[in-house]
Amino acid sequence: MPVNRLCRKTAAVGSLFFLWMSVPTRAPAAGTLFRHPSYPVEGGVRFVAAGDFNADGHADLAATTGSDEVAVLLGRGDLTFGQERRFPVGSAPEFLTAGDVDGDGVPDLVALNRSSNDLSVLVGLGDGSFAPEVRLALPARPRAAILGPLDADGRTDLAVALENGPVLVFPGNGQATLFDPPGSFEAGIGLRSIAMGDFDDDGNRDLVVTNFSDDTLSILFGAGGGQFLPPVTHGVGPGPTVVVVDDFDGDGREDLAVPNGGSTAVTTISVLLGRRNGAFRQPLEFDTGSANPGRLIAGDFNEDAIPDLATTTSSRIAVLLGDGQGGFAVEQQIAFGCCLHLHGTDDFDEDGHADLIVSQDAAGVPRDDIVLWSGNGDGTFTDSLLEAGGDRSSSFCPLWVEGEDFNGDGIQDLGATSYGVACIGFIWVFAG
C-alpha cells in the first residue's frame with residue numbers, strides 16, 4: 001500500500017514521538033484483532049516504508065521524521081525492533097518509498113524533501129545500514145513518486161511528480177550515480193498522484209498523473225530509454241485526487257478510475273475504459289451517494305472475479321460493485337462521520353474475504369482508533385473497532401497505514417503513523 005499523508009498536523013507542541021508496535025504478551029480480548037504496546041521515536045514520524053533491510057527474513061521499518069532524517073528500525077520477527085538507526089536526508093521529507101535502485105537485490109530508500117526541493121536516495125548495504133545520501137536537486141516541491149522499470153533495460157527507474165508539474169523521469173543507469181539526468185515532461189497543474197501501466201500494449205511502461213487544479217488526467221506514453229511522448233489529456237470531474245489502474249470491463253486492457261474530490265457539490269467517480277492503442281473512452285460517471293469522494297481503492301469485494309471500487313466521501317464509505325462491463329453501482333454506504341481516510345484492502349481476519357482499512361482524523365472528532373471493516377464476501381462490510389492506544393479524547397490523527405507481517409507468523413499485521421493535538425507522532429503496528 002502506497003504511503004500517504006492523510007491529515008493535517010493540528011498543533012506544533014511537543015517533540016517526543018513513539019513507535020507503537022505489537023508484543024505478544026497476552027491473548028487479546030474477545031472480539032479484538034490487534035494489540036499494541038509502544039516504542040519511542042524522537043522527532044516525529046511523517047511517512048513509513050517497510051522492507052527487509054538487513055536480509056534476515058524479518059520485516060523492518062523506515063520512517064521520515066521531523067528532524068530531517070530517516071529512522072530505520074530492524075525487526076526481530078517477534079514484533080519487537082532493535083535500536084533505531086538514523087540517516088540524514090533533505091529538509092522536511094514528506095514521502096518515502098523503498099525499492100532496489102541499484103539492482104543488487106537489497107532494498108534502497110527514496111525520500112522526497114518538501115522544503116529543500118530535492119530528493120534523497122539512501123542505498124542499502126544489506127546489513128540494515130545505508131550509505132550516505134545521494135542528493136538529487138529538483139526545480140520545485142515534489143508531490144509523489146513511483147519506482148519501477150519504465151523501459152526495457154530491466155533497471156529501476158524513478159518518476160517524480162512535482163506539485164505544479166512537470167513530471168521528472170530519472171532513468172536508472174546501474175552505476176554509482178544511480179540515475180541519468182532526468183527528462184522533463186509536462187503534465188498538468190496541481191499534480192497529486194502518479195501511477196504506472198502499459199496502456200498501449202507496446203511493452204514500454206506509461207505514466208498517468210492526476211491534475212487536481214485543471215480537472216484532468218494526463219497520460220505520458222513511454223517511448224523507451226526513459227523518454228515519453230507529449231501528454232494526452234482526458235477531462236474528468238472537479239479535483240481528481242487519486243488514479244487507480246485495473247481492467248474494469250474484462251477486455252484485457254487497462255482502465256482508469258479517479259474520484260472527483262474538488263467540490264462539495266460533486267459525488268461521482270470517473271471511469272475511463274481503455275481502447276486499442278492507448279485510447280480511452282469518454283469518462284463514465286458513477287454516483288457515490290455522498291460529496292467529496294477522496295481515497296479510492298479497487299478490489300473484488302463480492303468475490304465474482306470482477307473489480308469493485310471503494311471510496312471515502314465527506315462522511316461515508318461507499319462500496320461500488322462492478323458489473324464486468326465497466327459499470328458500477330453502490331452496494332453499501334457506511335455512515336461514519338467526518339474526515340475519513342481509506343487506506344487499502346486485505347484479508348486481515350483470515351476468513352477469505354477482502355476487508356477495508358479506514359482511519360478518521362482529528363477535525364473535531366475525538367477519536368484515537370483505526371477501523372477495520374470486515375468483508376462479508378457479498379460486497380458488504382461489518383465494522384470492527386481497533387483501538388490505537390492512549391486516551392480516546394486525545395484526538396490523534398492517523399497519517400499512514402500499511403500491511404506487513406512484522407512477526408513472521410504468516411498473519412497480516414498493520415503499521416500506522418499519526419499526529420495528535422500535541423503534535424505527538426506514532427507508528428502503530430497491530431498484530432493480527
# chains A, B, ... in the order shown; residues from 1 in each chain; ligands from 1
>>> residues_around(residues="segment 150-155 of chain A", least_positions_apart="3", cutoff="8 Å", atoms="only C-alpha atoms", output="ChimeraX atom specification")
/A:101-103,171-174,203-206,222-226
>>> select_by_dssp(residues="segment 257-290 of chain A", states="strand (DSSP E or B)", output="PyMOL selection string")
chain A and resi 257-260+268-272+274+280+284-287
>>> write_last_selection(atoms="C-alpha atoms", output="compact mmCIF listing (two decimals), in the first residue's frame")
# COMPACT_ATOMS: atom_id res chain seq x y z
CA ALA A 257 -10.76 5.26 -12.20
CA VAL A 258 -10.47 8.54 -10.32
CA PRO A 259 -12.53 10.19 -7.57
CA ASN A 260 -13.69 13.75 -8.20
CA THR A 268 -19.02 11.00 -8.55
CA ILE A 269 -16.18 8.75 -9.63
CA SER A 270 -14.94 8.93 -13.22
CA VAL A 271 -14.08 5.69 -15.03
CA LEU A 272 -12.20 5.74 -18.35
CA GLY A 274 -9.22 1.59 -22.28
CA PHE A 280 -9.76 5.78 -23.73
CA LEU A 284 -18.36 7.41 -17.30
CA GLU A 285 -19.64 8.99 -14.10
CA PHE A 286 -20.86 6.85 -11.20
CA ASP A 287 -22.54 8.31 -8.15
>>> residues_around(residues="Ile219 of chain A", least_positions_apart="4", cutoff="9 Å", atoms="only C-alpha atoms", output="JSON, numbers by chain")
{"A": [187, 199, 206, 207, 208, 209, 230, 231, 232, 233, 234]}
>>> closest_residue(among="A:Leu162, A:Val330, A:Ala144, A:Leu136", to="Thr177 of chain A", atoms="only C-alpha atoms")
A:Leu136
>>> atom_distance(atom1="atom CA of Leu321 of chain A", atom2="atom CA of Arg295 of chain A")
16.4 Å
>>> atom_distance(atom1="atom CA of Gly352 of chain A", atom2="atom CA of Asp247 of chain A")
22.3 Å
>>> atom_distance(atom1="atom CA of Gln325 of chain A", atom2="atom CA of Gly294 of chain A")
23.6 Å
>>> residues_around(residues="Asp127 of chain A", least_positions_apart="5", cutoff="10 Å", atoms="only C-alpha atoms", output="list in words")
Asp52, Phe53, Asn54, Ala55, Asp56, Leu74 and Val106 of chain A
>>> write_last_selection(atoms="N, CA, C and O atoms", output="PDB file, in the first residue's frame")
ATOM      1  N   ASP A  52      12.803  -5.583   4.023  1.00  0.00           N
ATOM      2  CA  ASP A  52      13.794  -6.375   4.757  1.00  0.00           C
ATOM      3  C   ASP A  52      15.160  -5.779   4.466  1.00  0.00           C
ATOM      4  O   ASP A  52      15.854  -6.178   3.536  1.00  0.00           O
ATOM      5  N   PHE A  53      15.574  -4.818   5.295  1.00  0.00           N
ATOM      6  CA  PHE A  53      16.766  -4.032   5.008  1.00  0.00           C
ATOM      7  C   PHE A  53      18.062  -4.733   5.412  1.00  0.00           C
ATOM      8  O   PHE A  53      19.136  -4.303   4.993  1.00  0.00           O
ATOM      9  N   ASN A  54      17.989  -5.769   6.245  1.00  0.00           N
ATOM     10  CA  ASN A  54      19.203  -6.496   6.633  1.00  0.00           C
ATOM     11  C   ASN A  54      19.177  -7.960   6.225  1.00  0.00           C
ATOM     12  O   ASN A  54      19.969  -8.762   6.723  1.00  0.00           O
ATOM     13  N   ALA A  55      18.274  -8.332   5.345  1.00  0.00           N
ATOM     14  CA  ALA A  55      18.240  -9.657   4.717  1.00  0.00           C
ATOM     15  C   ALA A  55      18.177 -10.791   5.720  1.00  0.00           C
ATOM     16  O   ALA A  55      18.752 -11.858   5.496  1.00  0.00           O
ATOM     17  N   ASP A  56      17.452 -10.588   6.829  1.00  0.00           N
ATOM     18  CA  ASP A  56      17.300 -11.657   7.817  1.00  0.00           C
ATOM     19  C   ASP A  56      15.941 -12.334   7.736  1.00  0.00           C
ATOM     20  O   ASP A  56      15.619 -13.182   8.572  1.00  0.00           O
ATOM     21  N   LEU A  74      15.062  -2.218  12.801  1.00  0.00           N
ATOM     22  CA  LEU A  74      15.196  -3.565  12.275  1.00  0.00           C
ATOM     23  C   LEU A  74      14.364  -4.533  13.090  1.00  0.00           C
ATOM     24  O   LEU A  74      14.519  -4.647  14.312  1.00  0.00           O
ATOM     25  N   VAL A 106      19.167  -5.586  -2.735  1.00  0.00           N
ATOM     26  CA  VAL A 106      18.984  -5.019  -1.398  1.00  0.00           C
ATOM     27  C   VAL A 106      18.075  -3.796  -1.497  1.00  0.00           C
ATOM     28  O   VAL A 106      18.303  -2.932  -2.351  1.00  0.00           O
TER      29      VAL A 106
END
>>> decode(residues="segment 123-270 of chain A", atoms="C-alpha atoms", output="PDB file, in the first residue's frame")
ATOM      1  CA  VAL A 123      21.478   2.940  -0.869  1.00  0.00           C
ATOM      2  CA  GLY A 124      21.069  -0.108   1.320  1.00  0.00           C
ATOM      3  CA  LEU A 125      24.212  -2.013   2.357  1.00  0.00           C
ATOM      4  CA  GLY A 126      22.380  -5.214   3.225  1.00  0.00           C
ATOM      5  CA  ASP A 127      23.017  -5.099   6.984  1.00  0.00           C
ATOM      6  CA  GLY A 128      20.327  -2.590   7.901  1.00  0.00           C
ATOM      7  CA  SER A 129      22.572   0.407   7.326  1.00  0.00           C
ATOM      8  CA  PHE A 130      22.658   2.801   4.403  1.00  0.00           C
ATOM      9  CA  ALA A 131      25.351   4.679   2.547  1.00  0.00           C
ATOM     10  CA  PRO A 132      25.351   8.488   2.849  1.00  0.00           C
ATOM     11  CA  GLU A 133      22.550  10.005   0.833  1.00  0.00           C
ATOM     12  CA  VAL A 134      22.795  10.775  -2.843  1.00  0.00           C
ATOM     13  CA  ARG A 135      21.005  14.112  -3.191  1.00  0.00           C
ATOM     14  CA  LEU A 136      19.280  14.963  -6.456  1.00  0.00           C
ATOM     15  CA  ALA A 137      18.059  18.528  -6.950  1.00  0.00           C
ATOM     16  CA  LEU A 138      14.522  19.244  -8.098  1.00  0.00           C
ATOM     17  CA  PRO A 139      13.206  22.518  -9.517  1.00  0.00           C
ATOM     18  CA  ALA A 140      10.123  22.615  -7.271  1.00  0.00           C
ATOM     19  CA  ARG A 141       8.288  20.801  -4.487  1.00  0.00           C
ATOM     20  CA  PRO A 142       7.855  17.070  -5.155  1.00  0.00           C
ATOM     21  CA  ARG A 143       4.422  15.618  -4.531  1.00  0.00           C
ATOM     22  CA  ALA A 144       4.510  11.917  -5.430  1.00  0.00           C
ATOM     23  CA  ALA A 145       6.890   9.358  -6.886  1.00  0.00           C
ATOM     24  CA  ILE A 146       6.980   5.821  -8.200  1.00  0.00           C
ATOM     25  CA  LEU A 147       9.859   3.363  -8.648  1.00  0.00           C
ATOM     26  CA  GLY A 148       9.802   0.724 -11.355  1.00  0.00           C
ATOM     27  CA  PRO A 149      11.068  -0.298 -14.791  1.00  0.00           C
ATOM     28  CA  LEU A 150       9.885   2.326 -17.233  1.00  0.00           C
ATOM     29  CA  ASP A 151      11.686   0.882 -20.241  1.00  0.00           C
ATOM     30  CA  ALA A 152      13.017  -2.474 -21.413  1.00  0.00           C
ATOM     31  CA  ASP A 153      16.525  -2.366 -19.896  1.00  0.00           C
ATOM     32  CA  GLY A 154      15.484  -4.076 -16.643  1.00  0.00           C
ATOM     33  CA  ARG A 155      16.774  -1.303 -14.383  1.00  0.00           C
ATOM     34  CA  THR A 156      14.717   0.520 -11.804  1.00  0.00           C
ATOM     35  CA  ASP A 157      13.702   3.995 -12.904  1.00  0.00           C
ATOM     36  CA  LEU A 158      12.215   6.823 -10.860  1.00  0.00           C
ATOM     37  CA  ALA A 159       9.331   9.112 -11.822  1.00  0.00           C
ATOM     38  CA  VAL A 160       8.616  12.169  -9.671  1.00  0.00           C
ATOM     39  CA  ALA A 161       5.517  14.333  -9.963  1.00  0.00           C
ATOM     40  CA  LEU A 162       6.194  17.934  -8.934  1.00  0.00           C
ATOM     41  CA  GLU A 163       3.268  19.749  -7.375  1.00  0.00           C
ATOM     42  CA  ASN A 164       2.677  22.062 -10.314  1.00  0.00           C
ATOM     43  CA  GLY A 165       4.494  19.951 -12.867  1.00  0.00           C
ATOM     44  CA  PRO A 166       6.372  18.747 -14.673  1.00  0.00           C
ATOM     45  CA  VAL A 167       6.929  15.012 -14.233  1.00  0.00           C
ATOM     46  CA  LEU A 168      10.628  14.208 -13.983  1.00  0.00           C
ATOM     47  CA  VAL A 169      11.783  10.757 -15.088  1.00  0.00           C
ATOM     48  CA  PHE A 170      15.188   9.593 -13.863  1.00  0.00           C
ATOM     49  CA  PRO A 171      16.359   6.553 -15.882  1.00  0.00           C
ATOM     50  CA  GLY A 172      18.290   4.082 -13.758  1.00  0.00           C
ATOM     51  CA  ASN A 173      21.835   3.528 -15.005  1.00  0.00           C
ATOM     52  CA  GLY A 174      23.186   0.765 -12.731  1.00  0.00           C
ATOM     53  CA  GLN A 175      26.191   2.925 -11.844  1.00  0.00           C
ATOM     54  CA  ALA A 176      27.355   4.826  -8.769  1.00  0.00           C
ATOM     55  CA  THR A 177      25.336   7.868  -9.833  1.00  0.00           C
ATOM     56  CA  LEU A 178      22.206   5.624  -9.775  1.00  0.00           C
ATOM     57  CA  PHE A 179      20.255   7.667 -12.320  1.00  0.00           C
ATOM     58  CA  ASP A 180      20.930   9.527 -15.523  1.00  0.00           C
ATOM     59  CA  PRO A 181      19.844  13.178 -15.667  1.00  0.00           C
ATOM     60  CA  PRO A 182      16.057  13.387 -15.722  1.00  0.00           C
ATOM     61  CA  GLY A 183      13.824  14.012 -18.623  1.00  0.00           C
ATOM     62  CA  SER A 184      11.169  16.645 -18.028  1.00  0.00           C
ATOM     63  CA  PHE A 185       7.626  16.043 -19.212  1.00  0.00           C
ATOM     64  CA  GLU A 186       4.733  18.449 -18.872  1.00  0.00           C
ATOM     65  CA  ALA A 187       1.524  17.011 -17.479  1.00  0.00           C
ATOM     66  CA  GLY A 188      -0.888  19.492 -15.900  1.00  0.00           C
ATOM     67  CA  ILE A 189      -1.405  21.688 -12.858  1.00  0.00           C
ATOM     68  CA  GLY A 190      -1.710  20.600  -9.261  1.00  0.00           C
ATOM     69  CA  LEU A 191      -0.327  17.077  -9.569  1.00  0.00           C
ATOM     70  CA  ARG A 192      -1.490  14.815  -6.736  1.00  0.00           C
ATOM     71  CA  SER A 193      -0.653  11.229  -7.670  1.00  0.00           C
ATOM     72  CA  ILE A 194       1.172   9.113 -10.216  1.00  0.00           C
ATOM     73  CA  ALA A 195       0.646   5.546 -11.416  1.00  0.00           C
ATOM     74  CA  MET A 196       2.169   3.203 -13.957  1.00  0.00           C
ATOM     75  CA  GLY A 197       0.764   0.946 -16.678  1.00  0.00           C
ATOM     76  CA  ASP A 198       1.170  -0.160 -20.278  1.00  0.00           C
ATOM     77  CA  PHE A 199      -1.875   1.443 -21.821  1.00  0.00           C
ATOM     78  CA  ASP A 200      -0.920   0.970 -25.487  1.00  0.00           C
ATOM     79  CA  ASP A 201       0.471  -2.593 -25.112  1.00  0.00           C
ATOM     80  CA  ASP A 202       3.829  -1.741 -26.704  1.00  0.00           C
ATOM     81  CA  GLY A 203       5.961  -3.186 -23.896  1.00  0.00           C
ATOM     82  CA  ASN A 204       7.003   0.249 -22.603  1.00  0.00           C
ATOM     83  CA  ARG A 205       5.590   1.405 -19.319  1.00  0.00           C
ATOM     84  CA  ASP A 206       3.430   4.512 -19.395  1.00  0.00           C
ATOM     85  CA  LEU A 207       2.633   7.033 -16.679  1.00  0.00           C
ATOM     86  CA  VAL A 208      -0.638   8.626 -15.627  1.00  0.00           C
ATOM     87  CA  VAL A 209      -0.979  11.574 -13.252  1.00  0.00           C
ATOM     88  CA  THR A 210      -3.918  13.380 -11.709  1.00  0.00           C
ATOM     89  CA  ASN A 211      -4.068  17.133 -12.249  1.00  0.00           C
ATOM     90  CA  PHE A 212      -6.116  18.475  -9.358  1.00  0.00           C
ATOM     91  CA  SER A 213      -6.126  22.105 -10.472  1.00  0.00           C
ATOM     92  CA  ASP A 214      -7.321  21.701 -14.043  1.00  0.00           C
ATOM     93  CA  ASP A 215      -9.596  18.660 -13.568  1.00  0.00           C
ATOM     94  CA  THR A 216      -7.755  16.319 -15.893  1.00  0.00           C
ATOM     95  CA  LEU A 217      -5.673  13.186 -16.139  1.00  0.00           C
ATOM     96  CA  SER A 218      -2.501  13.247 -18.201  1.00  0.00           C
ATOM     97  CA  ILE A 219      -1.132  10.073 -19.796  1.00  0.00           C
ATOM     98  CA  LEU A 220       2.508  10.031 -20.827  1.00  0.00           C
ATOM     99  CA  PHE A 221       3.175   7.158 -23.211  1.00  0.00           C
ATOM    100  CA  GLY A 222       6.602   5.606 -22.871  1.00  0.00           C
ATOM    101  CA  ALA A 223       8.883   5.677 -25.904  1.00  0.00           C
ATOM    102  CA  GLY A 224      11.711   3.627 -24.357  1.00  0.00           C
ATOM    103  CA  GLY A 225      15.007   4.794 -22.899  1.00  0.00           C
ATOM    104  CA  GLY A 226      13.311   6.895 -20.239  1.00  0.00           C
ATOM    105  CA  GLN A 227      11.606   9.058 -22.852  1.00  0.00           C
ATOM    106  CA  PHE A 228       7.904   9.905 -23.025  1.00  0.00           C
ATOM    107  CA  LEU A 229       5.654  11.395 -25.645  1.00  0.00           C
ATOM    108  CA  PRO A 230       3.725  14.650 -25.082  1.00  0.00           C
ATOM    109  CA  PRO A 231       0.840  14.111 -22.678  1.00  0.00           C
ATOM    110  CA  VAL A 232      -2.588  13.037 -23.779  1.00  0.00           C
ATOM    111  CA  THR A 233      -5.096  14.766 -21.544  1.00  0.00           C
ATOM    112  CA  HIS A 234      -8.501  13.481 -20.524  1.00  0.00           C
ATOM    113  CA  GLY A 235     -11.023  15.632 -18.730  1.00  0.00           C
ATOM    114  CA  VAL A 236     -12.667  14.227 -15.615  1.00  0.00           C
ATOM    115  CA  GLY A 237     -14.686  15.736 -12.781  1.00  0.00           C
ATOM    116  CA  PRO A 238     -13.501  18.535 -10.493  1.00  0.00           C
ATOM    117  CA  GLY A 239     -10.434  17.950  -8.345  1.00  0.00           C
ATOM    118  CA  PRO A 240      -9.164  14.458  -9.253  1.00  0.00           C
ATOM    119  CA  THR A 241      -7.046  13.169  -6.392  1.00  0.00           C
ATOM    120  CA  VAL A 242      -6.012   9.531  -6.910  1.00  0.00           C
ATOM    121  CA  VAL A 243      -5.856   7.357 -10.010  1.00  0.00           C
ATOM    122  CA  VAL A 244      -6.428   3.574  -9.931  1.00  0.00           C
ATOM    123  CA  VAL A 245      -5.388   1.263 -12.779  1.00  0.00           C
ATOM    124  CA  ASP A 246      -7.308  -2.009 -13.356  1.00  0.00           C
ATOM    125  CA  ASP A 247      -9.279  -3.889 -16.016  1.00  0.00           C
ATOM    126  CA  PHE A 248     -12.853  -2.968 -15.125  1.00  0.00           C
ATOM    127  CA  ASP A 249     -14.606  -4.342 -18.221  1.00  0.00           C
ATOM    128  CA  GLY A 250     -12.674  -7.599 -18.649  1.00  0.00           C
ATOM    129  CA  ASP A 251     -11.333  -6.907 -22.143  1.00  0.00           C
ATOM    130  CA  GLY A 252      -7.680  -7.339 -21.182  1.00  0.00           C
ATOM    131  CA  ARG A 253      -6.897  -3.617 -21.419  1.00  0.00           C
ATOM    132  CA  GLU A 254      -6.065  -1.370 -18.507  1.00  0.00           C
ATOM    133  CA  ASP A 255      -8.733   1.112 -17.446  1.00  0.00           C
ATOM    134  CA  LEU A 256      -8.616   4.127 -15.113  1.00  0.00           C
ATOM    135  CA  ALA A 257     -10.758   5.263 -12.195  1.00  0.00           C
ATOM    136  CA  VAL A 258     -10.474   8.539 -10.321  1.00  0.00           C
ATOM    137  CA  PRO A 259     -12.534  10.191  -7.573  1.00  0.00           C
ATOM    138  CA  ASN A 260     -13.688  13.750  -8.200  1.00  0.00           C
ATOM    139  CA  GLY A 261     -12.987  15.408  -4.868  1.00  0.00           C
ATOM    140  CA  GLY A 262     -12.725  19.082  -5.758  1.00  0.00           C
ATOM    141  CA  SER A 263     -16.259  20.249  -4.962  1.00  0.00           C
ATOM    142  CA  THR A 264     -18.769  19.666  -2.189  1.00  0.00           C
ATOM    143  CA  ALA A 265     -21.439  19.505  -4.879  1.00  0.00           C
ATOM    144  CA  VAL A 266     -19.832  16.553  -6.691  1.00  0.00           C
ATOM    145  CA  THR A 267     -20.492  12.962  -5.648  1.00  0.00           C
ATOM    146  CA  THR A 268     -19.023  10.997  -8.553  1.00  0.00           C
ATOM    147  CA  ILE A 269     -16.176   8.751  -9.626  1.00  0.00           C
ATOM    148  CA  SER A 270     -14.941   8.928 -13.220  1.00  0.00           C
TER     149      SER A 270
END
